$ cat my_file.txt   # compact mmCIF, C-alpha atoms and all ligand atoms
# COMPACT_ATOMS: atom_id res chain seq x y z
CA MET G 1 0.18 26.40 -16.56
CA PRO G 2 0.17 23.72 -13.85
CA PRO G 3 -1.88 20.70 -14.89
CA VAL G 4 -5.48 20.57 -13.69
CA ILE G 5 -5.85 17.43 -11.59
CA THR G 6 -9.40 16.38 -10.87
CA ASP G 7 -9.03 12.65 -10.34
CA ILE G 8 -6.48 9.89 -9.76
CA GLU G 9 -6.43 9.05 -13.47
CA ASP G 10 -5.07 12.57 -14.20
CA LEU G 11 -2.18 11.83 -11.85
CA HIS G 12 -1.69 8.45 -13.52
CA ARG G 13 -1.32 10.04 -16.97
CA LEU G 14 1.20 12.59 -15.70
CA TYR G 15 3.09 9.90 -13.78
CA ARG G 16 3.42 7.80 -16.91
CA ARG G 17 5.02 10.72 -18.76
CA ARG G 18 7.45 11.61 -16.00
CA VAL G 19 8.88 8.36 -14.62
CA PRO G 20 11.26 5.96 -16.45
CA ARG G 21 9.54 3.01 -18.06
CA MET G 22 11.17 0.42 -15.77
CA PHE G 23 9.62 1.96 -12.64
CA TYR G 24 6.29 2.75 -14.27
CA ASP G 25 6.01 -0.90 -15.32
CA TYR G 26 7.07 -2.07 -11.85
CA CYS G 27 4.17 -0.17 -10.33
CA GLN G 28 1.63 -0.83 -12.97
CA SER G 29 1.95 -4.58 -13.37
CA GLY G 30 0.35 -7.59 -11.72
CA SER G 31 1.53 -11.17 -11.78
CA TRP G 32 1.16 -13.55 -14.76
CA THR G 33 -2.06 -12.82 -16.71
CA GLU G 34 -2.91 -9.91 -14.38
CA GLN G 35 -6.47 -11.18 -13.89
CA THR G 36 -6.51 -10.50 -10.14
CA TYR G 37 -4.83 -7.15 -10.66
CA ARG G 38 -7.53 -6.10 -13.15
CA GLU G 39 -10.43 -7.44 -11.09
CA ASN G 40 -9.28 -5.60 -7.97
CA GLU G 41 -10.36 -2.47 -9.83
CA THR G 42 -13.24 -3.69 -11.98
CA ASP G 43 -15.04 -5.51 -9.13
CA PHE G 44 -15.54 -2.17 -7.39
CA ASP G 45 -17.63 -1.10 -10.39
CA LEU G 46 -20.03 -4.01 -9.86
CA ILE G 47 -21.05 -2.69 -6.46
CA ARG G 48 -23.52 0.15 -6.79
CA LEU G 49 -24.53 2.92 -4.42
CA ARG G 50 -28.02 3.77 -3.18
CA GLN G 51 -28.87 7.45 -3.61
CA ARG G 52 -30.80 9.14 -0.80
CA VAL G 53 -32.24 12.66 -0.72
CA ALA G 54 -33.66 15.25 1.65
CA VAL G 55 -31.24 14.38 4.43
CA ASP G 56 -29.50 17.22 6.29
CA MET G 57 -25.89 17.06 5.04
CA GLU G 58 -24.39 19.80 7.19
CA GLY G 59 -21.49 18.96 9.51
CA ARG G 60 -20.35 15.77 7.80
CA SER G 61 -17.31 13.85 8.98
CA VAL G 62 -15.12 11.19 7.39
CA ARG G 63 -12.77 11.17 10.39
CA SER G 64 -12.25 7.78 11.93
CA LYS G 65 -9.75 5.57 13.77
CA MET G 66 -7.42 2.83 12.56
CA ILE G 67 -6.02 0.59 15.34
CA GLY G 68 -6.87 3.28 17.84
CA ARG G 69 -5.20 6.10 15.93
CA GLU G 70 -7.23 9.12 14.85
CA VAL G 71 -7.25 9.44 11.06
CA ALA G 72 -8.61 12.23 8.85
CA MET G 73 -10.27 9.50 6.78
CA PRO G 74 -9.99 5.70 6.94
CA VAL G 75 -7.24 5.60 4.32
CA ALA G 76 -3.56 4.84 4.89
CA LEU G 77 -0.64 4.79 2.46
CA ALA G 78 0.24 1.16 1.70
CA PRO G 79 3.83 -0.07 1.86
CA VAL G 80 5.31 0.17 -1.63
CA GLY G 81 8.84 -1.04 -2.38
CA LEU G 82 11.17 1.21 -4.38
CA THR G 83 9.03 4.29 -3.74
CA GLY G 84 12.26 6.30 -3.73
CA MET G 85 12.82 5.26 -7.35
CA GLN G 86 9.49 6.74 -8.44
CA HIS G 87 10.69 10.13 -7.22
CA ALA G 88 13.91 11.11 -5.45
CA ASP G 89 13.41 10.77 -1.67
CA GLY G 90 9.94 9.37 -2.41
CA GLU G 91 9.29 7.72 0.95
CA ILE G 92 10.13 10.92 2.85
CA LEU G 93 7.87 13.00 0.59
CA ALA G 94 4.98 10.54 0.84
CA ALA G 95 5.33 10.34 4.62
CA LYS G 96 5.25 14.15 4.85
CA ALA G 97 2.12 14.34 2.71
CA ALA G 98 0.43 11.66 4.83
CA GLU G 99 1.39 13.46 8.03
CA ALA G 100 -0.01 16.78 6.77
CA MET G 101 -3.27 15.09 5.77
CA GLY G 102 -3.54 13.15 9.05
CA VAL G 103 -3.39 9.62 7.65
CA PRO G 104 -0.86 6.85 8.39
CA PHE G 105 2.15 6.20 6.18
CA THR G 106 3.55 2.67 5.96
CA LEU G 107 7.24 2.25 5.12
CA SER G 108 8.18 -0.89 3.18
CA THR G 109 11.14 -3.07 4.15
CA MET G 110 12.11 -2.65 0.48
CA SER G 111 12.15 1.13 0.59
CA ILE G 112 14.92 3.33 -0.76
CA CYS G 113 14.84 5.84 2.13
CA SER G 114 15.65 4.04 5.37
CA ILE G 115 13.60 3.89 8.56
CA GLU G 116 15.93 6.53 10.01
CA ASP G 117 15.68 8.79 6.93
CA VAL G 118 11.89 8.89 7.28
CA ALA G 119 11.96 9.32 11.07
CA ARG G 120 14.40 12.24 10.78
CA ASN G 121 12.15 14.06 8.32
CA THR G 122 8.74 13.59 9.94
CA THR G 123 7.18 14.03 13.35
CA ALA G 124 4.08 11.79 13.19
CA PRO G 125 4.79 8.12 13.91
CA PHE G 126 4.65 5.91 10.84
CA TRP G 127 4.04 2.20 10.41
CA PHE G 128 6.81 -0.19 9.43
CA GLN G 129 6.11 -3.08 7.07
CA LEU G 130 8.19 -6.17 7.58
CA TYR G 131 9.05 -8.88 5.09
CA VAL G 132 10.17 -11.93 7.00
CA MET G 133 13.63 -13.06 5.90
CA ARG G 134 15.69 -16.14 6.66
CA ASP G 135 18.22 -14.23 8.76
CA GLU G 136 16.43 -13.87 12.13
CA ASP G 137 19.12 -11.60 13.60
CA PHE G 138 18.65 -9.23 10.72
CA ILE G 139 14.88 -9.23 11.19
CA ASP G 140 15.31 -8.53 14.90
CA ARG G 141 17.58 -5.61 14.08
CA LEU G 142 15.00 -4.19 11.66
CA ILE G 143 12.36 -4.45 14.39
CA GLU G 144 14.66 -2.69 16.86
CA ARG G 145 15.32 0.09 14.34
CA ALA G 146 11.56 0.55 13.83
CA GLN G 147 11.08 0.66 17.61
CA ALA G 148 13.86 3.24 17.97
CA ALA G 149 12.25 5.34 15.23
CA GLY G 150 8.98 5.43 17.17
CA CYS G 151 6.91 3.43 14.65
CA ASP G 152 3.54 2.75 16.24
CA ALA G 153 2.57 -0.38 14.31
CA LEU G 154 4.34 -3.30 12.68
CA VAL G 155 2.71 -4.47 9.46
CA ILE G 156 3.84 -8.02 8.71
CA THR G 157 3.24 -8.99 5.09
CA LEU G 158 2.35 -12.66 4.75
CA ASP G 159 1.70 -13.07 1.03
CA LEU G 160 5.15 -12.66 -0.47
CA GLN G 161 7.42 -15.35 0.90
CA ILE G 162 7.77 -16.55 -2.66
CA MET G 163 7.44 -13.98 -5.37
CA GLY G 164 4.75 -14.06 -8.06
CA GLN G 165 6.24 -13.57 -11.50
CA ARG G 166 5.76 -10.24 -13.20
CA HIS G 167 6.69 -10.46 -16.86
CA LYS G 168 7.47 -6.78 -17.38
CA ASP G 169 9.96 -6.60 -14.49
CA LEU G 170 11.85 -9.62 -15.75
CA LYS G 171 11.96 -8.21 -19.26
CA ASN G 172 13.04 -4.77 -18.05
CA GLY G 173 15.75 -6.22 -15.76
CA LEU G 174 14.34 -4.26 -12.83
CA SER G 175 16.95 -3.26 -10.26
CA ALA G 176 17.67 -0.42 -7.87
CA PRO G 177 19.49 1.66 -8.84
CA PRO G 178 18.65 0.86 -12.46
CA LYS G 179 21.22 -1.03 -14.48
CA LEU G 180 22.65 1.11 -17.21
CA THR G 181 21.87 -0.34 -20.62
CA PRO G 182 21.49 1.63 -23.86
CA THR G 183 17.68 1.31 -23.59
CA SER G 184 17.43 2.29 -19.91
CA ILE G 185 19.81 5.22 -20.40
CA ALA G 186 17.85 6.43 -23.44
CA ASN G 187 14.58 6.17 -21.50
CA MET G 188 15.91 7.92 -18.39
CA MET G 189 17.32 10.78 -20.52
CA THR G 190 13.77 11.68 -21.54
CA LYS G 191 12.65 11.96 -17.91
CA VAL G 192 14.51 15.14 -17.09
CA GLN G 193 12.76 16.09 -13.86
CA TRP G 194 13.13 12.57 -12.45
CA GLY G 195 16.81 12.48 -13.39
CA LEU G 196 17.58 15.88 -11.83
CA GLY G 197 15.98 14.73 -8.57
CA MET G 198 17.92 11.49 -8.55
CA ALA G 199 21.17 13.32 -9.25
CA GLN G 200 20.61 15.43 -6.13
CA THR G 201 19.97 12.60 -3.68
CA LYS G 202 22.25 9.97 -2.26
CA ARG G 203 19.31 7.67 -1.59
CA ARG G 204 19.27 5.33 -4.56
CA PHE G 205 19.57 1.93 -2.93
CA PHE G 206 17.45 -0.08 -0.52
CA GLY G 207 18.03 1.95 2.66
CA ASN G 208 16.83 -0.65 5.15
CA ILE G 209 18.81 -3.58 3.90
CA ILE G 210 22.00 -2.19 2.41
CA GLY G 211 25.03 -3.53 4.20
CA HIS G 212 23.04 -5.99 6.29
CA ALA G 213 21.59 -8.92 4.37
CA LYS G 214 24.16 -11.07 2.66
CA GLY G 215 24.52 -10.56 -1.09
CA VAL G 216 22.33 -7.49 -1.35
CA GLU G 217 25.08 -5.32 -2.77
CA ASP G 218 25.42 -7.75 -5.64
CA ALA G 219 21.73 -8.19 -6.30
CA SER G 220 21.30 -7.88 -10.02
CA SER G 221 17.55 -8.24 -9.94
CA LEU G 222 14.86 -7.89 -7.36
CA SER G 223 13.31 -11.31 -7.86
CA SER G 224 16.49 -13.37 -7.51
CA TRP G 225 17.42 -11.47 -4.37
CA THR G 226 13.94 -11.98 -2.92
CA ALA G 227 14.11 -15.70 -3.66
CA GLU G 228 17.38 -15.93 -1.71
CA GLN G 229 16.45 -13.84 1.31
CA PHE G 230 12.72 -14.16 2.01
CA ASP G 231 11.88 -16.99 4.37
CA PRO G 232 9.68 -19.63 2.73
CA ARG G 233 9.25 -21.35 6.14
CA LEU G 234 7.20 -18.49 7.58
CA ASP G 235 4.42 -19.96 9.74
CA TRP G 236 2.12 -18.87 12.59
CA ASP G 237 4.76 -19.74 15.25
CA LYS G 238 7.21 -17.37 13.62
CA ILE G 239 4.52 -14.70 13.48
CA ARG G 240 3.92 -15.18 17.22
CA ARG G 241 7.65 -14.74 17.87
CA LEU G 242 7.75 -11.54 15.84
CA LYS G 243 4.71 -10.17 17.61
CA GLU G 244 6.35 -10.81 20.97
CA LYS G 245 9.62 -9.23 19.87
CA TRP G 246 7.77 -6.15 18.62
CA GLY G 247 5.57 -5.77 21.69
CA GLY G 248 3.24 -3.18 20.12
CA LYS G 249 0.38 -3.10 17.63
CA VAL G 250 0.61 -5.69 14.85
CA ILE G 251 -1.22 -5.65 11.52
CA LEU G 252 -1.12 -8.84 9.42
CA LYS G 253 -1.28 -8.03 5.72
CA GLY G 254 -2.19 -10.34 2.86
CA ILE G 255 -5.13 -12.27 4.31
CA LEU G 256 -7.60 -13.49 1.69
CA ASP G 257 -9.20 -16.46 3.41
CA ALA G 258 -11.54 -16.67 6.42
CA GLU G 259 -9.54 -19.51 7.98
CA ASP G 260 -6.33 -17.45 7.81
CA ALA G 261 -8.25 -14.54 9.33
CA ARG G 262 -9.18 -16.78 12.28
CA MET G 263 -5.50 -17.76 12.67
CA ALA G 264 -4.54 -14.08 12.67
CA LEU G 265 -7.06 -13.54 15.43
CA ALA G 266 -5.67 -16.51 17.38
CA VAL G 267 -2.10 -15.11 17.31
CA GLY G 268 -3.44 -11.85 18.72
CA ALA G 269 -3.05 -9.49 15.77
CA ASP G 270 -4.64 -6.05 16.23
CA ALA G 271 -5.80 -5.85 12.62
CA ILE G 272 -5.66 -7.72 9.35
CA VAL G 273 -5.46 -6.39 5.84
CA VAL G 274 -7.58 -8.24 3.31
CA SER G 275 -5.18 -8.02 0.39
CA ASN G 276 -3.76 -9.89 -2.57
CA HIS G 277 -0.75 -7.58 -2.79
CA GLY G 278 -2.37 -5.45 -5.47
CA GLY G 279 -2.72 -8.49 -7.75
CA ARG G 280 1.03 -9.03 -7.76
CA GLN G 281 1.12 -12.47 -6.14
CA LEU G 282 -1.49 -15.24 -6.65
CA ASP G 283 -2.93 -14.47 -10.06
CA GLY G 284 -6.38 -16.06 -10.21
CA ALA G 285 -7.22 -15.20 -6.60
CA LEU G 286 -10.44 -13.25 -6.17
CA SER G 287 -10.29 -9.50 -5.75
CA SER G 288 -9.93 -8.07 -2.25
CA ILE G 289 -13.32 -6.33 -2.36
CA ARG G 290 -14.98 -9.61 -3.35
CA MET G 291 -13.39 -11.47 -0.41
CA LEU G 292 -13.95 -8.72 2.13
CA SER G 293 -17.39 -9.51 3.52
CA GLU G 294 -16.70 -13.24 3.98
CA ILE G 295 -13.75 -12.28 6.19
CA VAL G 296 -15.66 -9.52 7.97
CA ASP G 297 -18.42 -12.04 8.74
CA ALA G 298 -15.86 -14.52 10.10
CA VAL G 299 -13.85 -12.22 12.41
CA GLY G 300 -15.06 -8.64 12.01
CA ASP G 301 -16.55 -8.35 15.48
CA GLN G 302 -13.29 -9.49 17.13
CA ILE G 303 -10.52 -7.87 15.10
CA GLU G 304 -10.20 -4.78 12.95
CA VAL G 305 -10.47 -5.69 9.28
CA HIS G 306 -8.75 -3.42 6.76
CA MET G 307 -8.52 -3.89 3.00
CA ASP G 308 -6.52 -2.79 -0.02
CA GLY G 309 -6.40 -3.48 -3.73
CA GLY G 310 -7.87 -1.49 -6.60
CA ILE G 311 -8.84 1.67 -4.72
CA ARG G 312 -8.69 4.57 -7.16
CA SER G 313 -11.36 6.89 -5.76
CA GLY G 314 -13.27 7.98 -2.70
CA GLN G 315 -16.24 6.01 -4.04
CA ASP G 316 -14.11 2.86 -3.79
CA VAL G 317 -13.19 3.73 -0.19
CA LEU G 318 -16.85 4.23 0.68
CA LYS G 319 -17.76 0.84 -0.82
CA ALA G 320 -15.02 -0.92 1.17
CA ILE G 321 -16.12 0.76 4.40
CA ALA G 322 -19.77 -0.07 3.67
CA MET G 323 -18.77 -3.71 3.13
CA GLY G 324 -17.31 -3.75 6.64
CA ALA G 325 -13.69 -2.58 6.43
CA LYS G 326 -12.58 -0.28 9.25
CA GLY G 327 -9.75 1.08 7.15
CA THR G 328 -8.32 1.01 3.64
CA TYR G 329 -4.91 1.50 2.03
CA ILE G 330 -3.94 3.02 -1.29
CA GLY G 331 -0.87 1.81 -3.17
CA ARG G 332 -0.75 2.80 -6.81
CA ALA G 333 -3.05 5.81 -6.32
CA PHE G 334 -0.44 7.60 -4.19
CA ILE G 335 2.48 6.41 -6.33
CA TYR G 336 0.83 8.06 -9.35
CA GLY G 337 0.74 11.32 -7.41
CA LEU G 338 4.32 10.96 -6.21
CA GLY G 339 5.76 10.20 -9.64
CA ALA G 340 3.69 12.97 -11.21
CA MET G 341 4.34 15.82 -8.77
CA GLY G 342 6.35 14.65 -5.74
CA GLN G 343 4.95 15.51 -2.33
CA ALA G 344 2.32 17.83 -3.84
CA GLY G 345 1.10 14.93 -5.97
CA VAL G 346 0.63 12.64 -2.97
CA THR G 347 -1.21 15.46 -1.21
CA ARG G 348 -3.38 15.91 -4.31
CA ALA G 349 -4.17 12.17 -4.46
CA LEU G 350 -5.26 12.23 -0.82
CA GLU G 351 -7.31 15.40 -1.29
CA VAL G 352 -9.05 13.96 -4.34
CA ILE G 353 -9.96 10.79 -2.46
CA ARG G 354 -11.10 12.63 0.66
CA ARG G 355 -13.34 14.96 -1.33
CA GLU G 356 -14.83 12.10 -3.36
CA LEU G 357 -15.43 10.14 -0.17
CA ASP G 358 -17.13 13.07 1.53
CA VAL G 359 -19.41 13.94 -1.41
CA THR G 360 -20.29 10.32 -2.14
CA MET G 361 -21.15 9.76 1.50
CA ALA G 362 -23.41 12.82 1.46
CA LEU G 363 -25.20 11.72 -1.72
CA CYS G 364 -25.80 8.35 -0.06
CA GLY G 365 -27.53 10.26 2.72
CA GLU G 366 -24.91 9.73 5.42
CA LYS G 367 -23.28 12.41 7.58
CA ASP G 368 -20.82 10.27 9.49
CA ILE G 369 -18.51 7.62 8.05
CA HIS G 370 -19.27 5.41 11.08
CA ASN G 371 -22.90 5.08 9.92
CA VAL G 372 -21.99 3.89 6.43
CA GLY G 373 -22.94 0.25 5.91
CA ARG G 374 -24.40 -2.39 3.63
CA HIS G 375 -27.68 -0.45 3.49
CA ASN G 376 -25.87 2.10 1.28
CA LEU G 377 -25.02 -0.51 -1.35
CA LEU G 378 -26.52 -2.72 -4.00
CA VAL G 379 -24.23 -5.74 -3.98
CA PRO G 380 -24.43 -8.44 -6.67
CA ARG G 381 -24.20 -12.13 -5.82
CA GLY G 382 -20.68 -13.43 -5.26
CA PHE G 383 -19.56 -10.66 -2.92
CA SER G 384 -20.71 -12.14 0.36
C1 LIG D 401 3.35 -3.17 -3.49
N1 LIG D 401 2.88 -3.80 -2.33
C2 LIG D 401 3.75 -4.06 -1.30
N2 LIG D 401 3.27 -4.60 -0.15
C3 LIG D 401 4.09 -4.83 0.89
O1 LIG D 401 3.64 -5.33 1.93
N3 LIG D 401 5.41 -4.49 0.81
C4 LIG D 401 5.96 -3.95 -0.32
O2 LIG D 401 7.14 -3.65 -0.37
C5 LIG D 401 5.11 -3.75 -1.43
N4 LIG D 401 5.59 -3.24 -2.59
C6 LIG D 401 4.72 -2.90 -3.61
C7 LIG D 401 5.21 -2.27 -4.74
C8 LIG D 401 4.32 -1.85 -5.73
C9 LIG D 401 4.85 -1.12 -6.92
C10 LIG D 401 2.94 -2.07 -5.58
C11 LIG D 401 1.96 -1.60 -6.62
C12 LIG D 401 2.46 -2.73 -4.47
C13 LIG D 401 1.42 -4.03 -2.16
C14 LIG D 401 0.77 -2.80 -1.55
O3 LIG D 401 1.13 -2.64 -0.22
C15 LIG D 401 -0.75 -2.90 -1.61
O4 LIG D 401 -1.16 -4.13 -1.08
C16 LIG D 401 -1.30 -2.75 -3.03
O5 LIG D 401 -0.59 -1.77 -3.72
C17 LIG D 401 -2.77 -2.37 -3.00
O6 LIG D 401 -3.31 -2.30 -4.28
P1 LIG D 401 -3.43 -0.92 -5.13
O7 LIG D 401 -3.95 0.13 -4.21
O8 LIG D 401 -2.06 -0.62 -5.64
O9 LIG D 401 -4.36 -1.33 -6.21

$ encode --input "my_file.txt" --output "structure tokens"
Amino acid sequence: MPPVITDIEDLHRLYRRRVPRMFYDYCQSGSWTEQTYRENETDFDLIRLRQRVAVDMEGRSVRSKMIGREVAMPVALAPVGLTGMQHADGEILAAKAAEAMGVPFTLSTMSICSIEDVARNTTAPFWFQLYVMRDEDFIDRLIERAQAAGCDALVITLDLQIMGQRHKDLKNGLSAPPKLTPTSIANMMTKVQWGLGMAQTKRRFFGNIIGHAKGVEDASSLSSWTAEQFDPRLDWDKIRRLKEKWGGKVILKGILDAEDARMALAVGADAIVVSNHGGRQLDGALSSIRMLSEIVDAVGDQIEVHMDGGIRSGQDVLKAIAMGAKGTYIGRAFIYGLGAMGQAGVTRALEVIRRELDVTMALCGEKDIHNVGRHNLLVPRGFS
């Protein structure tokens, strides 16, 4: 009997059973005390919805646009490193599920499947997420590869030039492919389906960076490699240069402050993502949903504001849109689906969220996602 999946938590439980501990922990953790990581989720619960009745609900639509692109709902798949370690060929499978659903897929610099692997296996353009590294030639080559693959937006992540510490990853000795120790071997042996998939694919290393950045082949752990390669001197001039080199739509990800949002506007970004990297960087920062309206108020009429962090349901998406976001991203919610059931699991995660979004919108008395707004919410103090 296939498992009955009715919500994202069902996928989470299945994911936990099926994927080796090291990669489950990598996904599931936040930095240091994990306060920001927890509050990304729990702050959504503090915002309540206003029920409305006797409104004609026929012909509803959650279709929208993100940076000019038609989307089946205002939800994109966030860039998630090592997705191909959660399930063999994970980035390709997630991109296919996103394409079938009509939502954007964002490929991380730190993906296992390369830009070319994903482009070869999909037809819809995807978005490429860039981590800025010290080696400018290498960065330029990555941008050229994304251009050649037809990517229609460059997502530059600004909040990970120095990596926040995640205790579990350090303790597990996270690496890709995993280092073989008695514990990791014993754990992987119990994850039969995962292991069979991995045995059948050649894609087990960082596809975008292998053979290019110095020292990558020897990287024994993700954090020491990141510390060596990622450019701590990233500033707004460098962002301008990258934007020019790219020449297309640019989304700046990791904005959590109104002043930074104004700077993003000044460099000509097409959109910003209000994000704290899923609570994996500055522990103690406020949740994304709590910071959203301050940033929307500062720049929302001049630039598209997106958000991510803590979205586990269509209700969460509705709340973010009502608070002024024009688009949202899911990270862990689609990884749960991928690790649980491969492409079908990502499809299921998207279906669950779309259905919840549609029904919640209807019960709030709205027929069109574009009409959803603050009037649909009861927002406690501290959110605006
Ligand atoms: C991430 N995130 C991330 N962001 C990014 O720009 N590049 C990356 O490679 C990664 N890698 C990554 C790995 C894992 C395991 C997670 C959970 C997250 C952050 C991601 O894009 C997004 O901001 C968060 O995942 C959003 O929060 P939720 O939806 O996971 O709560």

$ residues_near_ligand --input "my_file.txt" --ligand "ligand LIG 401 (chain D)" --cutoff "8 Å" --atoms "all atoms listed in the file" --output "NGL selection string"
:G and (26-29 or 37 or 40-41 or 78-83 or 108-111 or 129-131 or 155-158 or 160 or 253-254 or 275-280 or 308-312 or 329-333 or 335)

$ residues_around --input "my_file.txt" --residues "range 227-232 of chain G" --least-positions-apart "4" --cutoff "6 Å" --atoms "all atoms listed in the file" --output "list in words"
Val132, Met133, Arg134 and Gln161 of chain G

$ closest_atom_pairs --input "my_file.txt" --of "range 230-336 of chain G" --to "range 370-381 of chain G" --cutoff "7 Å" --atoms "all atoms listed in the file" --output "JSON lines"
{"residue": "G:Ile321", "atom": "CA", "partner": "G:Val372", "partner_atom": "CA", "distance": 7.0}
{"residue": "G:Ala322", "atom": "CA", "partner": "G:Gly373", "partner_atom": "CA", "distance": 3.9}
{"residue": "G:Met323", "atom": "CA", "partner": "G:Arg374", "partner_atom": "CA", "distance": 5.8}
{"residue": "G:Gly324", "atom": "CA", "partner": "G:Gly373", "partner_atom": "CA", "distance": 6.9}

$ closest_residue --input "my_file.txt" --among "G:Leu265, G:Thr123, G:Glu259, G:Glu70" --to "Arg240 in chain G" --atoms "only C-alpha atoms"
G:Leu265

$ residues_around --input "my_file.txt" --residues "Ala88 in chain G" --least-positions-apart "5" --cutoff "12 Å" --atoms "only C-alpha atoms" --output "CSV table (one decimal) with C-alpha atoms, in the coordinates of the input"
chain,number,residue,atom,x,y,z
G,19,VAL,CA,8.9,8.4,-14.6
G,82,LEU,CA,11.2,1.2,-4.4
G,83,THR,CA,9.0,4.3,-3.7
G,93,LEU,CA,7.9,13.0,0.6
G,94,ALA,CA,5.0,10.5,0.8
G,111,SER,CA,12.2,1.1,0.6
G,112,ILE,CA,14.9,3.3,-0.8
G,113,CYS,CA,14.8,5.8,2.1
G,177,PRO,CA,19.5,1.7,-8.8
G,193,GLN,CA,12.8,16.1,-13.9
G,194,TRP,CA,13.1,12.6,-12.4
G,195,GLY,CA,16.8,12.5,-13.4
G,196,LEU,CA,17.6,15.9,-11.8
G,197,GLY,CA,16.0,14.7,-8.6
G,198,MET,CA,17.9,11.5,-8.6
G,199,ALA,CA,21.2,13.3,-9.2
G,200,GLN,CA,20.6,15.4,-6.1
G,201,THR,CA,20.0,12.6,-3.7
G,202,LYS,CA,22.2,10.0,-2.3
G,203,ARG,CA,19.3,7.7,-1.6
G,204,ARG,CA,19.3,5.3,-4.6
G,205,PHE,CA,19.6,1.9,-2.9
G,338,LEU,CA,4.3,11.0,-6.2
G,339,GLY,CA,5.8,10.2,-9.6
G,340,ALA,CA,3.7,13.0,-11.2
G,341,MET,CA,4.3,15.8,-8.8
G,342,GLY,CA,6.4,14.6,-5.7
G,343,GLN,CA,5.0,15.5,-2.3

$ atom_distance --input "my_file.txt" --atom1 "CA of Lys171 in chain G" --atom2 "CA of Arg17 in chain G"
20.2 Å

$ closest_residue --input "my_file.txt" --among "G:Ile67, G:Leu11, G:Ile289, G:Leu242" --to "Ala344 in chain G" --atoms "all atoms listed in the file"
G:Leu11

$ residues_around --input "my_file.txt" --residues "range 136-145 of chain G" --least-positions-apart "5" --cutoff "10 Å" --atoms "only C-alpha atoms" --output "PyMOL selection string"
chain G and resi 109+114-116+128-131+150-151+154+208-209+212-214+231+238+242+245-246

$ closest_residue --input "my_file.txt" --among "G:Lys168, G:Lys243, G:Arg290, G:His87" --to "Val267 in chain G" --atoms "all atoms listed in the file"
G:Lys243

$ closest_residue --input "my_file.txt" --among "G:Met85, G:Ile251, G:Met1, G:Val62" --to "Glu356 in chain G" --atoms "all atoms listed in the file"
G:Val62

$ closest_residue --input "my_file.txt" --among "G:Ala148, G:Pro125, G:Gly90, G:Val352" --to "Asp10 in chain G" --atoms "all atoms listed in the file"
G:Val352

$ residues_around --input "my_file.txt" --residues "Leu222 in chain G" --least-positions-apart "4" --cutoff "10 Å" --atoms "all atoms listed in the file" --output "tab-separated table (two decimals) with C-alpha atoms, in the frame of the given file"
chain	number	residue	atom	x	y	z
G	110	MET	CA	12.11	-2.65	0.48
G	163	MET	CA	7.44	-13.98	-5.37
G	169	ASP	CA	9.96	-6.60	-14.49
G	170	LEU	CA	11.85	-9.62	-15.75
G	173	GLY	CA	15.75	-6.22	-15.76
G	174	LEU	CA	14.34	-4.26	-12.83
G	175	SER	CA	16.95	-3.26	-10.26
G	176	ALA	CA	17.67	-0.42	-7.87
G	216	VAL	CA	22.33	-7.49	-1.35
G	226	THR	CA	13.94	-11.98	-2.92
G	227	ALA	CA	14.11	-15.70	-3.66

$ atom_distance --input "my_file.txt" --atom1 "CA of Arg166 in chain G" --atom2 "CA of Leu282 in chain G"
11.0 Å

$ residues_near_point --input "my_file.txt" --point "(-13.6, -16.5, 5.0)" --cutoff "6 Å" --atoms "all atoms listed in the file" --output "list in words"
Asp257, Ala258, Glu259, Glu294, Ile295 and Ala298 of chain G

$ atom_distance --input "my_file.txt" --atom1 "CA of Leu49 in chain G" --atom2 "CA of Phe383 in chain G"
14.5 Å

$ residues_around --input "my_file.txt" --residues "His306 in chain G" --least-positions-apart "2" --cutoff "8 Å" --atoms "all atoms listed in the file" --output "compact mmCIF listing (two decimals) with C-alpha atoms, keeping the file's coordinate frame"
# COMPACT_ATOMS: atom_id res chain seq x y z
CA ALA G 271 -5.80 -5.85 12.62
CA ILE G 272 -5.66 -7.72 9.35
CA VAL G 273 -5.46 -6.39 5.84
CA VAL G 274 -7.58 -8.24 3.31
CA GLU G 304 -10.20 -4.78 12.95
CA ASP G 308 -6.52 -2.79 -0.02
CA ALA G 325 -13.69 -2.58 6.43
CA LYS G 326 -12.58 -0.28 9.25
CA GLY G 327 -9.75 1.08 7.15
CA THR G 328 -8.32 1.01 3.64
CA TYR G 329 -4.91 1.50 2.03

$ closest_residue --input "my_file.txt" --among "G:Asp7, G:Asp358, G:Asp45, G:Asp235" --to "Met73 in chain G" --atoms "all atoms listed in the file"
G:Asp358
